[in-house]
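Engineer: Compact mmCIF, C-alpha atoms and all ligand atoms, file start.txt:
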```
# COMPACT_ATOMS: atom_id res chain seq x y z
CA MET A 1087 118.53 221.71 182.76
CA THR A 1088 120.94 218.95 181.76
CA GLN A 1089 123.69 218.52 184.33
CA ARG A 1090 127.24 219.07 183.15
CA PHE A 1091 129.98 216.46 183.66
CA VAL A 1092 133.53 217.64 182.99
CA VAL A 1093 136.27 215.11 182.22
CA VAL A 1094 139.86 216.42 182.20
CA GLY A 1095 142.17 214.40 179.93
CA ALA A 1096 140.94 212.54 176.84
CA GLY A 1097 143.28 209.56 177.06
CA THR A 1098 142.36 205.92 177.65
CA MET A 1099 140.37 206.66 180.80
CA GLY A 1100 138.95 210.09 179.99
CA LEU A 1101 137.44 208.68 176.82
CA GLY A 1102 135.79 205.83 178.72
CA ILE A 1103 134.46 208.11 181.46
CA ALA A 1104 133.05 210.46 178.83
CA TYR A 1105 131.37 207.47 177.18
CA VAL A 1106 129.50 206.37 180.30
CA ALA A 1107 128.68 209.93 181.40
CA ALA A 1108 127.11 210.74 178.02
CA GLY A 1109 125.21 207.45 178.16
CA ALA A 1110 123.85 208.47 181.58
CA GLY A 1111 122.40 211.69 180.17
CA TYR A 1112 125.00 214.25 181.23
CA ALA A 1113 126.21 217.06 179.00
CA VAL A 1114 129.88 216.08 178.81
CA GLU A 1115 132.73 218.56 178.46
CA LEU A 1116 135.93 216.77 177.53
CA VAL A 1117 138.98 218.89 178.34
CA GLU A 1118 142.18 217.97 176.48
CA LEU A 1119 145.29 220.11 175.97
CA ASP A 1120 146.50 218.08 172.99
CA ARG A 1121 144.13 219.10 170.21
CA ALA A 1122 144.80 216.10 167.97
CA ARG A 1123 144.23 213.69 170.87
CA GLY A 1124 141.02 215.46 171.81
CA GLU A 1125 139.67 215.31 168.26
CA ALA A 1126 140.67 211.65 167.96
CA ALA A 1127 138.82 210.89 171.21
CA VAL A 1128 135.63 212.57 169.99
CA GLU A 1129 135.86 210.65 166.72
CA ARG A 1130 136.43 207.39 168.58
CA LEU A 1131 133.36 208.03 170.75
CA ALA A 1132 131.29 208.55 167.60
CA GLN A 1133 132.62 205.26 166.16
CA LEU A 1134 131.81 203.38 169.36
CA TRP A 1135 128.24 204.66 169.39
CA GLU A 1136 127.89 203.90 165.70
CA ARG A 1137 128.98 200.32 166.36
CA ALA A 1138 126.53 200.08 169.25
CA VAL A 1139 123.74 201.02 166.83
CA GLN A 1140 124.91 198.39 164.33
CA ARG A 1141 124.75 195.76 167.06
CA GLY A 1142 121.30 196.82 168.17
CA LYS A 1143 122.47 198.04 171.60
CA LEU A 1144 121.46 201.65 170.98
CA THR A 1145 118.94 203.34 168.73
CA ALA A 1146 120.24 205.77 166.12
CA GLU A 1147 118.52 208.57 168.10
CA GLN A 1148 120.28 207.60 171.33
CA ALA A 1149 123.63 207.46 169.55
CA ALA A 1150 123.04 210.86 167.98
CA ALA A 1151 122.02 212.30 171.38
CA ASN A 1152 125.16 210.87 173.02
CA ARG A 1153 127.34 212.31 170.27
CA ALA A 1154 125.68 215.71 170.53
CA SER A 1155 126.15 215.75 174.31
CA VAL A 1156 129.98 215.75 174.12
CA THR A 1157 131.84 219.03 173.69
CA LEU A 1158 135.61 219.24 173.37
CA ARG A 1159 137.36 221.97 175.38
CA ALA A 1160 140.99 223.04 175.00
CA GLY A 1161 141.35 223.91 178.69
CA LEU A 1162 139.42 224.32 181.93
CA GLY A 1163 139.36 228.05 181.19
CA GLU A 1164 136.69 227.29 178.55
CA VAL A 1165 134.36 225.59 181.06
CA ALA A 1166 131.52 227.54 182.71
CA PRO A 1167 131.35 227.51 186.54
CA GLU A 1168 129.34 225.13 188.73
CA PRO A 1169 129.21 221.87 186.79
CA ALA A 1170 127.71 218.89 188.62
CA VAL A 1171 130.91 216.82 188.41
CA ILE A 1172 134.54 217.25 187.42
CA VAL A 1173 136.74 214.13 187.16
CA GLU A 1174 140.39 214.51 186.32
CA ALA A 1175 142.01 211.73 184.28
CA VAL A 1176 145.39 213.27 183.44
CA PRO A 1177 148.63 211.26 183.80
CA GLU A 1178 149.59 209.81 187.17
CA ARG A 1179 151.89 212.64 188.28
CA LEU A 1180 151.30 214.34 191.62
CA GLU A 1181 152.21 217.89 190.64
CA LEU A 1182 150.26 217.76 187.37
CA LYS A 1183 147.16 216.42 189.10
CA ARG A 1184 147.42 218.99 191.88
CA ALA A 1185 147.60 221.82 189.37
CA VAL A 1186 144.62 220.48 187.41
CA LEU A 1187 142.57 219.96 190.58
CA ALA A 1188 143.32 223.47 191.84
CA GLU A 1189 142.09 224.91 188.55
CA ALA A 1190 139.07 222.60 188.51
CA GLU A 1191 138.10 223.58 192.05
CA ARG A 1192 137.81 227.23 191.07
CA LEU A 1193 134.84 226.22 188.89
CA GLU A 1194 133.04 225.08 192.07
CA PRO A 1195 131.80 221.66 190.95
CA ALA A 1196 129.35 219.97 193.32
CA LEU A 1197 131.62 216.89 193.21
CA LEU A 1198 135.33 216.85 192.36
CA GLY A 1199 137.00 213.51 191.72
CA SER A 1200 140.37 212.11 190.71
CA ASN A 1201 140.76 208.96 188.67
CA THR A 1202 144.17 208.36 190.24
CA SER A 1203 145.17 204.69 190.46
CA SER A 1204 147.61 205.06 193.31
CA ILE A 1205 148.20 208.54 194.73
CA ALA A 1206 146.76 209.23 198.18
CA ILE A 1207 143.76 211.54 198.08
CA ALA A 1208 145.16 213.50 201.04
CA GLU A 1209 148.24 214.33 198.97
CA LEU A 1210 146.19 215.40 195.97
CA ALA A 1211 143.95 217.50 198.22
CA GLY A 1212 146.94 219.23 199.81
CA GLU A 1213 146.27 222.66 198.35
CA LEU A 1214 142.53 222.50 197.77
CA ALA A 1215 140.37 225.14 199.43
CA ARG A 1216 137.40 222.76 199.72
CA PRO A 1217 138.83 219.26 200.18
CA GLU A 1218 135.51 218.15 201.69
CA ARG A 1219 134.01 218.04 198.18
CA PHE A 1220 136.86 215.94 196.79
CA CYS A 1221 137.35 212.17 196.66
CA GLY A 1222 138.91 209.47 194.51
CA LEU A 1223 136.68 208.20 191.70
CA HIS A 1224 138.73 205.31 190.36
CA PHE A 1225 137.21 203.85 187.22
CA PHE A 1226 138.54 200.73 185.50
CA ASN A 1227 139.59 200.09 181.94
CA PRO A 1228 137.61 199.73 179.70
CA VAL A 1229 135.21 201.95 181.62
CA TRP A 1230 132.10 200.85 179.69
CA ALA A 1231 132.73 197.18 180.48
CA MET A 1232 134.05 197.31 184.04
CA ALA A 1233 131.43 197.52 186.76
CA LEU A 1234 133.69 198.63 189.60
CA LEU A 1235 134.03 202.21 190.83
CA GLU A 1236 136.48 202.56 193.72
CA ILE A 1237 135.46 205.57 195.81
CA VAL A 1238 138.43 206.72 197.84
CA VAL A 1239 137.62 208.74 200.93
CA GLY A 1240 140.32 211.17 202.01
CA PRO A 1241 140.69 212.47 205.58
CA ALA A 1242 138.86 215.69 204.65
CA THR A 1243 136.19 214.16 202.37
CA ALA A 1244 132.70 214.96 203.73
CA ALA A 1245 130.16 212.16 204.26
CA GLN A 1246 127.89 214.07 201.86
CA THR A 1247 130.58 213.80 199.16
CA THR A 1248 130.86 210.03 199.64
CA GLU A 1249 127.08 209.82 199.28
CA ALA A 1250 127.21 211.96 196.13
CA ALA A 1251 129.87 209.61 194.74
CA ARG A 1252 127.67 206.59 195.49
CA ALA A 1253 124.74 208.29 193.74
CA LEU A 1254 126.99 209.01 190.77
CA ALA A 1255 128.05 205.35 190.62
CA ASP A 1256 124.40 204.38 190.58
CA ARG A 1257 123.58 206.78 187.76
CA LEU A 1258 126.55 205.54 185.69
CA GLY A 1259 125.58 201.89 186.28
CA LYS A 1260 128.69 201.19 188.37
CA ASP A 1261 129.04 199.04 191.47
CA PRO A 1262 131.09 200.96 194.06
CA VAL A 1263 133.41 200.03 196.89
CA VAL A 1264 134.36 202.68 199.43
CA VAL A 1265 137.97 202.46 200.54
CA ARG A 1266 140.29 204.19 202.97
CA ASP A 1267 142.88 206.55 201.62
CA MET A 1268 146.11 204.57 201.33
CA PRO A 1269 148.37 204.66 198.24
CA GLY A 1270 147.19 202.00 195.80
CA PHE A 1271 143.79 201.72 197.54
CA ALA A 1272 142.14 198.28 197.41
CA THR A 1273 142.89 197.46 193.78
CA SER A 1274 146.16 198.84 192.37
CA ARG A 1275 148.21 197.67 195.35
CA LEU A 1276 147.30 194.04 194.64
CA GLY A 1277 146.97 194.29 190.87
CA VAL A 1278 150.32 196.01 190.38
CA THR A 1279 152.03 193.48 192.67
CA LEU A 1280 150.97 190.70 190.30
CA GLY A 1281 151.92 192.71 187.23
CA LEU A 1282 155.40 193.58 188.48
CA GLU A 1283 156.12 190.00 189.55
CA ALA A 1284 154.96 188.70 186.16
CA ILE A 1285 157.36 191.13 184.45
CA ARG A 1286 160.22 189.90 186.66
CA MET A 1287 159.28 186.34 185.63
CA VAL A 1288 159.52 187.28 181.93
CA ALA A 1289 162.96 188.79 182.60
CA ASP A 1290 163.98 185.61 184.46
CA GLY A 1291 162.86 183.51 181.49
CA VAL A 1292 160.36 181.49 183.55
CA ALA A 1293 157.93 181.24 180.63
CA SER A 1294 156.66 183.29 177.69
CA PRO A 1295 154.24 186.15 178.42
CA ALA A 1296 151.45 184.13 176.79
CA ASP A 1297 152.15 181.12 179.00
CA ILE A 1298 152.41 183.19 182.20
CA ASP A 1299 149.06 184.75 181.36
CA LYS A 1300 147.54 181.41 180.41
CA ALA A 1301 148.71 179.92 183.71
CA MET A 1302 146.89 182.61 185.69
CA ALA A 1303 143.78 182.39 183.52
CA LEU A 1304 143.47 178.62 183.67
CA GLY A 1305 145.12 177.93 187.02
CA TYR A 1306 143.66 180.78 189.05
CA ARG A 1307 140.61 181.67 187.00
CA HIS A 1308 141.76 185.21 186.37
CA PRO A 1309 139.73 186.55 183.44
CA ILE A 1310 142.90 188.06 182.00
CA GLY A 1311 146.60 187.44 182.70
CA PRO A 1312 148.79 190.08 184.41
CA LEU A 1313 150.90 190.82 181.31
CA GLU A 1314 148.02 191.28 178.92
CA LEU A 1315 146.38 193.48 181.53
CA THR A 1316 149.59 195.53 181.73
CA ASP A 1317 149.41 195.96 177.95
CA LEU A 1318 145.81 197.16 178.24
CA VAL A 1319 146.53 199.58 181.08
CA GLY A 1320 149.66 200.98 179.40
CA LEU A 1321 153.20 200.19 180.52
CA ASP A 1322 153.90 203.89 181.13
CA VAL A 1323 150.84 204.16 183.37
CA ARG A 1324 151.90 201.07 185.34
CA LEU A 1325 155.43 202.42 185.67
CA ASP A 1326 154.13 205.66 187.17
CA ILE A 1327 151.94 203.70 189.59
CA ALA A 1328 154.84 201.43 190.61
CA ARG A 1329 156.96 204.50 191.39
CA THR A 1330 154.21 206.00 193.53
CA LEU A 1331 153.83 202.73 195.44
CA GLN A 1332 157.60 202.35 195.79
CA ALA A 1333 157.74 205.80 197.41
CA ALA A 1334 154.96 204.77 199.79
CA TYR A 1335 155.81 201.15 200.62
CA GLY A 1336 159.45 200.65 199.66
CA ASP A 1337 161.33 198.52 197.19
CA ARG A 1338 158.82 195.70 196.97
CA PHE A 1339 157.19 197.98 194.38
CA ALA A 1340 160.46 198.93 192.64
CA PRO A 1341 159.76 198.84 188.89
CA PRO A 1342 161.60 195.94 187.21
CA PRO A 1343 164.34 197.08 184.78
CA LEU A 1344 162.50 195.36 181.91
CA LEU A 1345 159.46 197.61 182.48
CA VAL A 1346 161.64 200.74 182.55
CA GLU A 1347 163.42 199.64 179.35
CA MET A 1348 160.19 198.86 177.50
CA VAL A 1349 158.70 202.26 178.38
CA ALA A 1350 161.91 204.01 177.28
CA ALA A 1351 161.69 202.13 173.97
CA GLY A 1352 158.08 203.28 173.46
CA ARG A 1353 156.64 199.78 173.95
CA LEU A 1354 153.63 200.97 175.91
CA GLY A 1355 151.22 198.10 175.19
CA LYS A 1356 147.99 198.24 173.24
CA LYS A 1357 148.07 202.00 172.72
CA SER A 1358 151.46 201.88 170.94
CA GLY A 1359 150.82 198.56 169.15
CA GLN A 1360 153.59 196.73 171.02
CA GLY A 1361 154.05 195.67 174.61
CA PHE A 1362 154.29 192.10 175.89
CA TYR A 1363 152.11 191.34 172.86
CA GLN A 1364 151.60 192.88 169.45
CA TRP A 1365 148.37 194.78 168.89
CA VAL A 1366 146.92 195.42 165.46
CA ASP A 1367 143.94 197.81 165.23
CA GLY A 1368 143.38 197.40 168.95
CA VAL A 1369 143.29 193.60 168.77
CA ARG A 1370 145.93 191.32 170.24
CA SER A 1371 147.64 189.35 167.52
CA GLY A 1372 149.17 185.90 168.02
CA GLY A 1373 149.61 184.02 171.31
CA THR A 1374 146.87 182.21 173.17
CA GLU A 1375 143.25 183.26 173.34
CA SER A 1376 142.22 185.12 176.44
CA ALA A 1377 139.00 186.32 177.95
CA ALA A 1378 140.17 189.93 178.16
CA PRO A 1379 137.57 192.59 178.84
CA THR A 1380 136.14 193.63 175.54
CA THR A 1381 137.29 196.92 174.08
CA ASP A 1382 133.98 197.25 172.34
CA PRO A 1383 131.22 198.64 174.55
CA ALA A 1384 128.61 197.21 172.25
CA SER A 1385 129.53 193.71 173.39
CA ASP A 1386 128.76 192.20 176.74
CA ALA A 1387 130.47 193.25 179.95
CA ALA A 1388 133.87 191.94 180.96
CA PRO A 1389 133.90 188.40 182.31
CA GLY A 1390 134.18 188.38 186.06
CA ALA A 1391 132.86 191.90 186.43
CA THR A 1392 129.95 192.34 188.80
CA ARG A 1393 126.99 194.45 187.87
P1 LIG B 1 146.63 208.75 179.14
O1 LIG B 1 148.07 209.10 179.09
O2 LIG B 1 146.04 207.80 178.14
O3 LIG B 1 145.74 210.11 179.03
C1 LIG B 1 146.00 211.28 179.74
C2 LIG B 1 145.52 212.46 178.91
O4 LIG B 1 145.59 213.66 179.69
C3 LIG B 1 146.39 212.73 177.66
O5 LIG B 1 145.56 212.76 176.51
C4 LIG B 1 147.02 214.09 177.94
O6 LIG B 1 147.24 214.85 176.76
C5 LIG B 1 145.97 214.72 178.83
N1 LIG B 1 146.45 215.83 179.65
C6 LIG B 1 147.64 215.97 180.28
N2 LIG B 1 147.64 217.13 180.99
C7 LIG B 1 146.44 217.71 180.79
C8 LIG B 1 145.83 218.92 181.28
N3 LIG B 1 146.49 219.74 182.09
N4 LIG B 1 144.56 219.20 180.89
C9 LIG B 1 143.90 218.36 180.04
N5 LIG B 1 144.43 217.21 179.56
C10 LIG B 1 145.67 216.89 179.93
O7 LIG B 1 146.36 208.26 180.62
P2 LIG B 1 145.21 207.26 181.16
O8 LIG B 1 145.66 205.85 180.97
O9 LIG B 1 143.89 207.70 180.64
O10 LIG B 1 145.31 207.54 182.74
C11 LIG B 1 144.76 208.70 183.30
C12 LIG B 1 144.63 208.50 184.81
O11 LIG B 1 143.77 207.37 185.06
C13 LIG B 1 145.94 208.20 185.53
O12 LIG B 1 145.87 208.78 186.81
C14 LIG B 1 145.94 206.68 185.65
O13 LIG B 1 146.72 206.23 186.73
C15 LIG B 1 144.46 206.43 185.88
N6 LIG B 1 143.97 205.09 185.50
C16 LIG B 1 144.41 204.48 184.35
C17 LIG B 1 143.90 203.22 184.02
C18 LIG B 1 144.32 202.54 182.74
O14 LIG B 1 144.00 201.34 182.58
N7 LIG B 1 145.00 203.20 181.81
C19 LIG B 1 142.96 202.60 184.84
C20 LIG B 1 142.50 203.26 185.99
C21 LIG B 1 143.02 204.51 186.30
```
For the structure just supplied, provide its representation as structure tokens.

Structural biologist:
Amino acid sequence: MTQRFVVVGAGTMGLGIAYVAAGAGYAVELVELDRARGEAAVERLAQLWERAVQRGKLTAEQAAANRASVTLRAGLGEVAPEPAVIVEAVPERLELKRAVLAEAERLEPALLGSNTSSIAIAELAGELARPERFCGLHFFNPVWAMALLEIVVGPATAAQTTEAARALADRLGKDPVVVRDMPGFATSRLGVTLGLEAIRMVADGVASPADIDKAMALGYRHPIGPLELTDLVGLDVRLDIARTLQAAYGDRFAPPPLLVEMVAAGRLGKKSGQGFYQWVDGVRSGGTESAAPTTDPASDAAPGATR
């Protein structure tokens, strides 16, 4: 029987995780409280597979099978027990994630993962009855293009669970790293440091966002500058992560006032059409060219990503 893969949250990341899980042959159940968002995500998945067919990356049959394998659910209460995997990808808020994970655990998945970018797994596992089956499964945006899967091993995570996470990475075509459970793990702690400093530099008037990004792309060979990356991640998401890291490591991660102001003004980056750049139909308009990871899974993988 086809194994079931449950994704909780159909936002930027949930959509991407659903995409790769369906492509790997799972029956995907996409759980989203906001009905309009859930329906938009399912429609977007269909468009992405349609485009993959047009580009010759998938056959029409494969695309139809992927589409048919995704079912939208309005809540975890609609999901049958004992799926193979549940990954939560709800916003980066401790209490929200804890509540979702507690509900998810009652369904007794063989593997329970959180896509958290920064919250310690031990904290998320605080009230779980079976924390040994739980670990961090940190995917990167856009999920279809980014090869990395950061597997975060909490103090209670069983060795068997880490192995199951590695096997999952393999099935999804991801290249994993296994990291110790510290807030920000191996990636966000460094990545957010660069992003926050770049935002302070914009506020200081050091250079334009496009020139700061260009400097890092050309001078340090980063495939994408820290401000454009912040636009892709979502300024609200980065703000939440900065606050988590500030609580853990102190004021070196204090969110810059400019970031707080932009989020309050609804300038969230690509998803709202305006951040450090303007975005029209998902494409950055104006400024310098960059080698940003493609948002189209039918194109080649992100530059710099390892397979
Ligand atoms: P998002 O805001 O785009 O999506 C979150 C979705 O969860 C929304 O659609 C929301 O309606 C839904 N949701 C909220 N509560 C829910 C519930 N109880 N049940 C079902 N759905 C619910 O957020 P995102 O950018 O996809 O981030 C999700 C997680 O992934 C966060 O922990 C974030 O830190 C992490 N992450 C984000 C990125 C990125 O680039 N955006 C990269 C790696 C990891």

Engineer: Measuring atom to atom with only C-alpha atoms and all ligand atoms, identify which of A:Leu1318, A:Ala1242, A:Ala1196, A:Met1302 is nearest to ligand LIG 1 (chain B).

Structural biologist: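 Checking each of A:Leu1318, A:Ala1242, A:Ala1196, A:Met1302 against ligand LIG 1 (chain B), counting only C-alpha atoms and all ligand atoms, the winner is A:Leu1318.
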
Engineer: With 5 Å of padding per side, what axis-aligned box (centre and edge lengths, Å, one decimal) covers all the listed atoms of ligand LIG 1 (chain B)? Give it as lines of an AutoDock Vina configuration file.

Structural biologist:
```
center_x = 145.3
center_y = 210.5
center_z = 181.7
size_x = 15.6
size_y = 28.4
size_z = 20.3
```

Engineer: Interatomic distance between atom O12 of ligand LIG 1 (chain B) and atom CA of Val1288 of chain A?

Structural biologist: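 Going from atom O12 of ligand LIG 1 (chain B) over to atom CA of Val1288 of chain A, I get 25.9 Å.
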
Engineer: Please extract the residues at most 6 Å from ligand LIG 1 (chain B), counting all atoms listed in the file, and provide them as a list of chain:residue names, using the chain letters and residue numbers of this document.

Structural biologist: A:Val1094, A:Gly1095, A:Ala1096, A:Gly1097, A:Thr1098, A:Met1099, A:Gly1100, A:Val1117, A:Glu1118, A:Leu1119, A:Asp1120, A:Arg1123, A:Ala1175, A:Val1176, A:Pro1177, A:Glu1178, A:Val1186, A:Asn1201, A:Thr1202, A:Ser1203, A:His1224, A:Phe1225, A:Phe1226, A:Asn1227, A:Val1319, A:Gly1320, A:Val1323

Engineer: With distances taken over all atoms listed in the file, which residue among A:Ile1207, A:Leu1304, A:Ala1334, A:Ala1110 lies nearest Arg1266 of chain A?

Structural biologist: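 Of the candidates, the smallest distance to Arg1266 of chain A is held by A:Ile1207.
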
Engineer: Compare A:Glu1181, A:Asp1322, A:Leu1331, A:Asp1317 by their minimum atom-to-atom distance to Gln1360 of chain A, counting only C-alpha atoms, and give me the closest one.

Structural biologist: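 Of A:Glu1181, A:Asp1322, A:Leu1331, A:Asp1317, the one nearest Gln1360 of chain A is A:Asp1317, counting only C-alpha atoms.
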
Engineer: If we count only C-alpha atoms, what is near Val1229 of chain A at a cut-off of 9 Å, once residues fewer than 4 positions away on the same chain are taken out, given as a PyMOL selection string?

Structural biologist: chain A and resi 1099+1101-1103+1105-1106+1225+1233-1234+1383

Engineer: Taking 4 positions as the minimum chain separation for residues in the same chain, which residues sit within 10 Å of Phe1339 of chain A when counting all atoms listed in the file? Answer as an NGL selection string.

Structural biologist: :A and (1275 or 1278-1279 or 1282-1283 or 1325 or 1327-1335)

Engineer: For a test of reading the model, state the distance in Å between atom CA of Ala1208 of chain A and atom CA of Pro1241 of chain A, rounded to one decimal.

Structural biologist: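 Atom-to-atom, atom CA of Ala1208 of chain A and atom CA of Pro1241 of chain A are spaced 6.5 Å apart.
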
Engineer: Please, what distance in Å, to one decimal, runs between atom CA of Leu1116 of chain A and atom CA of Leu1162 of chain A?

Structural biologist: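 So the two atoms, atom CA of Leu1116 of chain A and atom CA of Leu1162 of chain A, lie 9.4 Å apart.
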